[in-house]
Amino acid sequence: QVQLVESGGGLVQAGGSLRLSCAASGRTFSRSAMGWFRQAPGKERDFVAAISWSGGRTFYADSVKGRFTISRDNAKNTVYLQMNSLKPEDTAVYYCAATLDYYCSAYGCSDQEWRYDTWGQGTQVTVSS
C-alpha cells in the first residue's frame, strides 16, 4: 500500500509558477499510476494530470494542457506537477492519488477517479490576479 504526502503549494501571482511534489512511501510506488486532481471551493474534484507507472505515458485535462507537466522519479518515490502560466482559476486544493490499476497507466482514468484508491491530504494552491 502506498502512502502519499503532497508539498509545494502556496500563494503565487497570475503568470507565475509552482512545482508540487508528492512523496510516496511503500513498495508499490514504481508499479502505480499516479494522478493529480484539484478541488476548488464549492466545486467537485477534477482531474488535472496522470502518469503511467513507467512515466512513458502522460495525460492532461484540456484546461492545463501546455501549462502543466507531470513527471515522476521512481528512484525517489516522487511524482511532480510543474505548473506554469498559472491563472486565478487554477486556485484549488491539489491532491495526489495512486492506483495499481493498469487501466489507468494505459488510459489515465481522467473520468474514472474511483479507480484511484490512495490519496494524499492535499496542498493549497492560490493564484492571485
# chains A, B, ... in the order shown; residues from 1 in each chain; ligands from 1
$ closest_atom_pairs --of "segment 13-52 of chain A" --to "segment 82-89 of chain A" --cutoff "12 Å" --atoms "only C-alpha atoms" --output "tab-separated table"
residue	atom	partner	partner_atom	distance
A:Gln13	CA	A:Leu86	CA	7.6
A:Ala14	CA	A:Lys87	CA	5.0
A:Gly15	CA	A:Ser85	CA	4.2
A:Gly16	CA	A:Ser85	CA	5.5
A:Ser17	CA	A:Asn84	CA	4.4
A:Leu18	CA	A:Met83	CA	5.2
A:Arg19	CA	A:Gln82	CA	4.4
A:Leu20	CA	A:Gln82	CA	6.4
A:Ser21	CA	A:Gln82	CA	8.7
A:Cys22	CA	A:Gln82	CA	11.6
A:Trp36	CA	A:Gln82	CA	11.1
A:Arg38	CA	A:Glu89	CA	11.1
A:Gln39	CA	A:Glu89	CA	10.9
A:Ala40	CA	A:Glu89	CA	8.5
A:Pro41	CA	A:Glu89	CA	10.9
A:Lys43	CA	A:Glu89	CA	11.8
A:Val48	CA	A:Met83	CA	10.7
A:Ala49	CA	A:Gln82	CA	10.7
$ residues_around --residues "segment 72-75 of chain A" --least-positions-apart "5" --cutoff "8 Å" --atoms "only C-alpha atoms" --output "tab-separated table (two decimals) with N, CA and C atoms, in the first residue's frame"
chain	number	residue	atom	x	y	z
A	29	PHE	N	5.06	1.86	-5.25
A	29	PHE	CA	5.03	3.12	-5.99
A	29	PHE	C	5.43	2.94	-7.44
A	30	SER	N	6.50	2.20	-7.68
A	30	SER	CA	7.02	2.08	-9.04
A	30	SER	C	6.07	1.32	-9.96
A	51	ILE	N	0.06	10.01	-14.88
A	51	ILE	CA	1.26	9.47	-15.49
A	51	ILE	C	1.30	7.98	-15.24
A	55	GLY	N	6.24	6.22	-16.43
A	55	GLY	CA	6.47	7.61	-16.84
A	55	GLY	C	6.38	7.81	-18.33
A	80	TYR	N	5.77	14.66	-9.58
A	80	TYR	CA	5.79	16.11	-9.58
A	80	TYR	C	4.70	16.67	-10.49
$ residues_around --residues "Thr126 of chain A" --least-positions-apart "4" --cutoff "8 Å" --atoms "only C-alpha atoms" --output "number ranges by chain"
A: 9-12, 88, 90-92
$ closest_residue --among "A:Ser71, A:Thr78, A:Thr58, A:Thr118" --to "Leu100 of chain A" --atoms "only C-alpha atoms"
A:Thr118
$ residues_around --residues "segment 107-112 of chain A" --least-positions-apart "2" --cutoff "7 Å" --atoms "only C-alpha atoms" --output "PyMOL selection string"
chain A and resi 47+50-51+59+103-105+114-115
$ write_last_selection --atoms "C-alpha atoms" --output "CSV table (one decimal), in the first residue's frame"
chain,number,residue,atom,x,y,z
A,47,PHE,CA,-8.8,15.6,-12.9
A,50,ALA,CA,-1.8,11.5,-14.7
A,51,ILE,CA,1.3,9.5,-15.5
A,59,PHE,CA,-2.4,12.6,-19.6
A,103,TYR,CA,-6.1,0.6,-17.0
A,104,CYS,CA,-5.0,4.0,-15.5
A,105,SER,CA,-1.4,3.5,-16.7
A,114,TRP,CA,-12.9,5.9,-8.4
A,115,ARG,CA,-10.0,3.8,-9.8
